[in-house]
Amino acid sequence: MATEQARIRVARPRHRPDVLNIIGVLFLIAIALWLIKNFIEAPADFYNLFLIGLTNGCVYGLVAIGYSLVYGILELINFAHGDVFMLGGMLVATMTTSWALTNKSGIVLWLFILLMLLIAMAFCATINTTIEIVAYRRLRNAPRLAPLITAIGMSFILQNIGLVWKGARPTSVPDILPHGTVFTIGGVPYTWNRLIVVLFTIPVLLALMWLVQRTRHGKAMRATAQDRDAAAMMGISVNRTISFTFFIAGSLAGAAALLYALYITNIRYTEGFRVGLIAFTAAVLGGIGNLPGAVLGGLVIGFVESFNNGLGWHAPGSDWTQSIIFAILILILVFRPEGLLGERTPEGV
Amino acid sequence: MAPGMQAVRDRAPALKRQSMPRAKRAAIVGIPAFFVLAITGSASLGLIVAALIFFALYIPAWDVLPLGKWIVPLGVILIAVLYPVYQPNLFDVLIFGNFPSVDTGVTMMIFIMMALGLNIVVGYAGLLDLGYVAFYAMGAYTVAWFASQHFSNVNVHAGGVGTAPSTPGFHISIWIVLIIAGVFATIGGILIGFPTLRLRGDYLAIVTLGFGEIMPQVANNGDNLLGHNITNGPQGINPIDPPGFGDTLHNAVGLPSDYLSSTNSTRLFYWTALFLVLFTVFCSARLRDSRLGRAWIAIREDETAAAAMGVPLMRTKTWAYAGGAFFGGVAGAYYGSFKGGTFPGDFYFNISVFILCMVILGGMGNIWGVIVGAAFLSYLNQEGLANIGAWMNKNGVSDFFFGKDIDVPLYTSGIFGIILVLTMLFRPEGLIPSERRKAEFREGVHDQPLYDVTHE
């Protein structure tokens, strides 16, 4: 039967040849050997890079959660997310400078940082929610590519705002985080300004998982993600739930922006696009729509970046970091689109 | 009476009937516009002639006449061909200022070509490609390799112009290099497309974006690729040989031997670019109406149904990619030759989005629309925004709104972003849509499988 034949041709299950798996395993073994060799050559460097990777990875993870949340509920890649993050970083730069936080210390400083955190989160959440209302809401039922194109458009608009706001050069952020040593591994001190990033990410992830899995809002989010129409029939306000998701995603971007700006101590208008793509790669790597996966992906990317930039023995070097990250993105999408922790259906938040 | 005249007589009522609404529309827009222009002192003889020519092409429903469907395209081609001749005598447009210079015209033509190439991928086959700049880069580097002194340890001259026979490097005739560039880009497109095209729409977009971002980095770091200098790194490769036909053809049939050294060099660049655009238009139109083109449209509208009807998905999509890549490569090669250099800084993501913006604004899938969109946006990018900014600053518009003079070109990316958003929100089918695409956007296409069908 003609239709039957066509169906068979279309629905043929893809058996990945075992060769691919073997190549993948060999590749991972090669990377492990490379890391071990580097560790033996210069252990102190290795520890240092590990800590840098961990810190950056946490920031990427926080941004990646934003992509994952939005993708989970709308199946939309919110291209503008990275640029929301960038604007948050610029706001932090402005606040740190104008409040002269370099002169403050102790509990006052921490209170100011907390205040900045809240302001940055509120700022980014507002931008993100506004973007959803302006650019995505009308296109809920449009062809899939339409909201993706408006997302790119919004990303360009936000980048331009950043460019006009702070100019084309990187804006430096005063270094206000304390640099005291918390503990030392392998002769490398782990300082407060790095630890604070990790200390922030883990509770946020746990709180978010609690929110999504245990609360009514979370239930509404999961229901909307699974089936928007059915959720609406069950009395869930779909628009409000989606706005809420964008709000959460935006506030995470704001928090990440604060940590990034204070830790890296500079921000540029193109940074949002760069970090956004890295974080999106992290989200895909971990399994898009999966919250712990996003953080795990962020950590992996953070390690890839720091080891590649810094290791002394046969590392491709920072010229190639972006290419390697994009190559990972492409390979993951082609060979394992469900990511490390995800399932085949990208509908669960 | 000749049979042709008889046919015209027969169709005269139809001609009149179909022309009336257009005449009304033209009057509704044209008469107030004329008064505005007359009051602001911009009405000139050139303007009136231009308006008459436009209305002569627009108002009568030429296509009801025998051979009539050729009148409008031929008229437009004639206007385009003669542009360098009458351009110095043109009037100033309100706000926009001068008409684009012929030099800008060349850039516009090259971007039209790229937009038409991207239109094959995005407009016909419905695959969002965010890394189209990769093909442009491939073309530009091909011409940089085969028509410059970059490979100084070889000395191959095969029709290249503008260099002495003793100059080292490959110096191959630009016309051959254009074809090589197209073929290279096509191969690149197939290589990129083959593993990725089975991905669903937005994942495909991201993968192409990834390739598009890797490309400039490879170009940037290619001065020491495993010990070889492939791309000369951030300095780029220049000078690149100009186009030309060489002395033999020059002496035999009078074709220009070297564009750069001839007296009307810009015009030659312009006419060649125009020829390339016409070639692209011809190929686009023929491809669209071919079996392959109809398969692309079927995939765009409903992938599952198309597969069920026996359209081989992967092969068809790969051909779309290859076709788009070909024109991107040729355009990139010509641009490299026109600018006389290839630099890695020209191949970033914003160019991909810029070209995408042209396709979307003009009308995905419609050749006229894409040409208009590409011409307008590349004009804005080259001259228009600066002109508008100068006008705003001069006439106090900037003072009124912003309290100071503003640098309009600074807002280029934001303006393109706004164009993308507004077009998608309010007129997703573009300014000049194809009827079919319009229906898809208005009524929606209910084809959103979670994964590409081959996954299930």
# chains A, B, ... in the order shown; residues from 1 in each chain; ligands from 1
$ residues_around --residues "Ile120 of chain B" --least-positions-apart "4" --cutoff "9 Å" --atoms "only C-alpha atoms" --output "list in words"
Ala115, Leu116, Tyr124, Ala125, Gly126, Ser284, Leu287, Arg288, Gly293, Trp296, Ala320, Tyr321, Gly323, Gly324 and Gly365 of chain B
$ select_by_dssp --residues "segment 14-237 of chain A" --states "strand (DSSP E or B)" --output "NGL selection string"
:A and (171-172 or 181-185 or 188-191)
$ residues_around --residues "segment 180-191 of chain B" --least-positions-apart "6" --cutoff "6 Å" --atoms "only C-alpha atoms" --output "NGL selection string"
:B and (135 or 138-139 or 142 or 321-322 or 325-326 or 329-330)
$ write_last_selection --atoms "C-alpha atoms" --output "JSON list (two decimals), in the first residue's frame"
[["chain", "number", "residue", "atom", "x", "y", "z"],
["B", 135, "PHE", "CA", 28.47, 30.90, 2.70],
["B", 138, "MET", "CA", 33.29, 30.91, 1.89],
["B", 139, "GLY", "CA", 32.79, 32.82, -1.34],
["B", 142, "THR", "CA", 37.59, 31.61, -2.31],
["B", 321, "TYR", "CA", 20.55, 24.51, 1.34],
["B", 322, "ALA", "CA", 22.91, 23.90, -1.52],
["B", 325, "ALA", "CA", 24.63, 28.47, -0.51],
["B", 326, "PHE", "CA", 25.58, 28.71, -4.17],
["B", 329, "GLY", "CA", 29.08, 32.04, -2.34],
["B", 330, "VAL", "CA", 28.96, 33.81, -5.70]]
$ residues_around --residues "His157 of chain B" --least-positions-apart "2" --cutoff "12 Å" --atoms "only C-alpha atoms" --output "ChimeraX atom specification"
/B:146-149,154-155,159-174,241,246
$ write_last_selection --atoms "C-alpha atoms" --output "compact mmCIF listing (two decimals), in the first residue's frame"
# COMPACT_ATOMS: atom_id res chain seq x y z
CA PHE B 146 42.34 32.25 -6.15
CA ALA B 147 42.78 35.87 -7.17
CA SER B 148 45.44 37.37 -4.94
CA GLN B 149 49.06 37.03 -3.87
CA VAL B 154 52.92 29.28 -6.25
CA ASN B 155 52.64 31.31 -9.42
CA GLY B 159 43.13 34.85 -16.91
CA GLY B 160 43.60 36.96 -13.81
CA VAL B 161 43.88 40.68 -14.54
CA GLY B 162 45.58 43.60 -12.90
CA THR B 163 48.83 41.84 -12.00
CA ALA B 164 52.11 41.29 -13.74
CA PRO B 165 52.79 37.69 -14.87
CA SER B 166 55.66 37.48 -12.39
CA THR B 167 53.40 38.19 -9.36
CA PRO B 168 53.22 35.11 -7.16
CA GLY B 169 49.98 33.49 -6.04
CA PHE B 170 46.90 32.22 -7.83
CA HIS B 171 45.51 34.68 -10.36
CA ILE B 172 42.56 33.01 -11.98
CA SER B 173 39.97 34.84 -14.03
CA ILE B 174 37.26 36.22 -11.77
CA ASP B 241 42.47 41.16 -8.21
CA GLY B 246 41.87 40.39 -19.94
$ interface_residues --of "chain B" --to "chain A" --cutoff "6 Å" --atoms "only C-alpha atoms" --output "PyMOL selection string"
chain B and resi 207+210+214+308+413-414+417+420-421+454+456
$ atom_distance --atom1 "atom CA of Ile65 of chain A" --atom2 "atom CA of Gly289 of chain A"
8.3 Å
$ residues_around --residues "segment 177-188 of chain A" --least-positions-apart "4" --cutoff "8 Å" --atoms "only C-alpha atoms" --output "PyMOL selection string"
chain A and resi 43-44+47-48+192-193+262-263
$ write_last_selection --atoms "N, CA and C atoms" --output "CSV table (one decimal), in the first residue's frame"
chain,number,residue,atom,x,y,z
A,43,PRO,N,49.6,20.7,38.8
A,43,PRO,CA,48.4,20.6,39.6
A,43,PRO,C,47.8,21.9,40.1
A,44,ALA,N,48.7,22.9,40.4
A,44,ALA,CA,48.2,24.1,41.0
A,44,ALA,C,47.3,24.8,39.9
A,47,TYR,N,44.0,23.1,39.6
A,47,TYR,CA,43.0,23.5,40.7
A,47,TYR,C,42.4,24.9,40.4
A,48,ASN,N,43.3,25.8,40.1
A,48,ASN,CA,42.9,27.1,39.8
A,48,ASN,C,41.8,27.2,38.7
A,192,TRP,N,36.5,34.4,48.6
A,192,TRP,CA,35.1,34.7,48.8
A,192,TRP,C,34.4,35.1,47.5
A,193,ASN,N,35.1,35.9,46.7
A,193,ASN,CA,34.4,36.4,45.5
A,193,ASN,C,34.0,35.3,44.5
A,262,LEU,N,30.0,41.6,39.1
A,262,LEU,CA,30.9,41.8,40.3
A,262,LEU,C,32.1,40.9,40.3
A,263,TYR,N,32.0,39.7,39.7
A,263,TYR,CA,33.1,38.7,39.7
A,263,TYR,C,34.0,39.0,38.5
$ closest_residue --among "B:Cys357, B:Ala144, B:Ala12, B:Phe402" --to "Leu422 of chain B" --atoms "only C-alpha atoms"
B:Cys357
$ atom_distance --atom1 "atom CA of Val197 of chain A" --atom2 "atom CA of Leu54 of chain A"
9.1 Å
$ select_by_dssp --residues "segment 118-288 of chain A" --states "alpha helix (DSSP H)" --output "MDAnalysis selection string"
chainID A and resid 118:131 145:166 192:214 216:226 228:233 238:264 271:286
$ write_last_selection --atoms "C-alpha atoms" --output "compact mmCIF listing (two decimals), in the first residue's frame"
# COMPACT_ATOMS: atom_id res chain seq x y z
CA LEU A 118 16.89 42.74 44.34
CA ILE A 119 16.97 45.74 42.02
CA ALA A 120 18.79 43.84 39.27
CA MET A 121 16.39 40.91 39.56
CA ALA A 122 13.36 43.18 39.43
CA PHE A 123 14.82 45.12 36.51
CA CYS A 124 15.59 42.07 34.40
CA ALA A 125 12.32 40.38 35.33
CA THR A 126 10.41 43.46 34.20
CA ILE A 127 12.25 43.62 30.88
CA ASN A 128 11.76 39.93 30.25
CA THR A 129 8.04 40.01 31.06
CA THR A 130 7.59 43.09 28.88
CA ILE A 131 9.33 41.36 25.99
CA LEU A 145 9.59 30.48 13.36
CA ALA A 146 7.71 33.75 13.82
CA PRO A 147 8.38 34.20 17.57
CA LEU A 148 11.96 33.04 17.05
CA ILE A 149 12.44 35.87 14.56
CA THR A 150 10.90 38.46 16.89
CA ALA A 151 13.17 37.10 19.63
CA ILE A 152 16.19 37.82 17.44
CA GLY A 153 14.76 41.26 16.76
CA MET A 154 14.33 41.95 20.48
CA SER A 155 17.86 40.77 21.09
CA PHE A 156 19.16 43.30 18.57
CA ILE A 157 17.07 46.08 20.11
CA LEU A 158 18.36 45.35 23.61
CA GLN A 159 21.94 45.16 22.35
CA ASN A 160 21.50 48.54 20.74
CA ILE A 161 20.14 49.93 24.02
CA GLY A 162 23.22 48.59 25.75
CA LEU A 163 25.46 50.12 23.10
CA VAL A 164 23.84 53.53 23.42
CA TRP A 165 23.77 53.33 27.21
CA LYS A 166 27.39 52.42 27.88
CA TRP A 192 35.09 34.68 48.79
CA ASN A 193 34.37 36.42 45.50
CA ARG A 194 34.33 33.02 43.80
CA LEU A 195 32.60 31.10 46.53
CA ILE A 196 29.71 33.55 46.69
CA VAL A 197 28.71 32.64 43.13
CA VAL A 198 28.49 28.96 44.00
CA LEU A 199 26.84 29.69 47.32
CA PHE A 200 24.16 31.58 45.48
CA THR A 201 23.50 29.14 42.66
CA ILE A 202 22.78 26.01 44.67
CA PRO A 203 20.01 27.47 46.86
CA VAL A 204 18.47 29.14 43.82
CA LEU A 205 18.36 25.86 41.97
CA LEU A 206 16.84 24.07 44.96
CA ALA A 207 14.26 26.82 45.49
CA LEU A 208 13.35 26.76 41.84
CA MET A 209 12.94 23.01 41.77
CA TRP A 210 10.74 23.28 44.83
CA LEU A 211 8.74 26.00 43.11
CA VAL A 212 8.22 23.99 39.95
CA GLN A 213 7.57 20.64 41.56
CA ARG A 214 5.75 21.44 44.78
CA ARG A 216 0.54 25.51 42.70
CA HIS A 217 2.37 27.94 40.43
CA GLY A 218 4.76 25.19 39.48
CA LYS A 219 1.91 22.85 38.77
CA ALA A 220 0.32 25.49 36.57
CA MET A 221 3.61 25.90 34.74
CA ARG A 222 3.97 22.20 34.13
CA ALA A 223 0.39 21.92 32.99
CA THR A 224 0.77 24.86 30.59
CA ALA A 225 3.93 23.33 29.25
CA GLN A 226 2.23 20.02 28.55
CA ARG A 228 -1.85 24.94 26.80
CA ASP A 229 -5.45 24.40 25.75
CA ALA A 230 -6.12 21.71 28.30
CA ALA A 231 -4.51 23.82 31.00
CA ALA A 232 -6.77 26.72 30.09
CA MET A 233 -9.79 24.44 30.29
CA VAL A 238 -2.24 30.55 30.71
CA ASN A 239 -1.15 34.12 30.05
CA ARG A 240 -0.41 34.77 33.68
CA THR A 241 1.49 31.51 34.02
CA ILE A 242 3.64 32.31 31.00
CA SER A 243 4.27 35.83 32.28
CA PHE A 244 5.24 34.34 35.63
CA THR A 245 7.70 32.02 33.92
CA PHE A 246 9.30 34.92 32.08
CA PHE A 247 9.40 36.83 35.35
CA ILE A 248 11.29 34.02 37.09
CA ALA A 249 13.62 33.57 34.13
CA GLY A 250 14.31 37.30 34.00
CA SER A 251 15.00 37.55 37.71
CA LEU A 252 17.49 34.69 37.43
CA ALA A 253 19.17 36.56 34.60
CA GLY A 254 19.32 39.60 36.88
CA ALA A 255 20.91 37.59 39.66
CA ALA A 256 23.40 36.06 37.24
CA ALA A 257 24.15 39.53 35.91
CA LEU A 258 24.98 40.80 39.38
CA LEU A 259 27.28 37.88 40.10
CA TYR A 260 28.91 38.10 36.69
CA ALA A 261 29.44 41.86 36.79
CA LEU A 262 30.92 41.80 40.30
CA TYR A 263 33.07 38.74 39.65
CA ILE A 264 34.34 39.46 36.13
CA GLU A 271 28.53 40.17 26.26
CA GLY A 272 24.85 39.30 26.49
CA PHE A 273 24.86 37.62 23.10
CA ARG A 274 28.03 35.68 23.89
CA VAL A 275 26.93 34.55 27.35
CA GLY A 276 23.45 33.90 26.02
CA LEU A 277 24.73 31.50 23.38
CA ILE A 278 27.00 29.77 25.87
CA ALA A 279 24.13 29.43 28.31
CA PHE A 280 21.84 28.17 25.60
CA THR A 281 24.45 25.57 24.74
CA ALA A 282 24.54 24.67 28.42
CA ALA A 283 20.77 24.32 28.49
CA VAL A 284 20.81 22.08 25.41
CA LEU A 285 23.70 20.08 26.79
CA GLY A 286 21.90 19.41 30.04
$ residues_around --residues "Asn56 of chain A" --least-positions-apart "3" --cutoff "9 Å" --atoms "only C-alpha atoms" --output "JSON, numbers by chain"
{"A": [51, 52, 53, 59, 60, 61, 194, 197, 260, 298, 299, 301, 302, 303, 305, 306]}
$ residues_around --residues "segment 358-360 of chain B" --least-positions-apart "5" --cutoff "7 Å" --atoms "only C-alpha atoms" --output "PyMOL selection string"
chain B and resi 115+119+370+373-374+377+430
$ atom_distance --atom1 "atom CA of Tyr132 of chain B" --atom2 "atom CA of Val408 of chain B"
26.6 Å
$ closest_residue --among "B:Phe401, B:Phe211, B:Tyr136, B:Phe275" --to "Val81 of chain B" --atoms "only C-alpha atoms"
B:Phe275
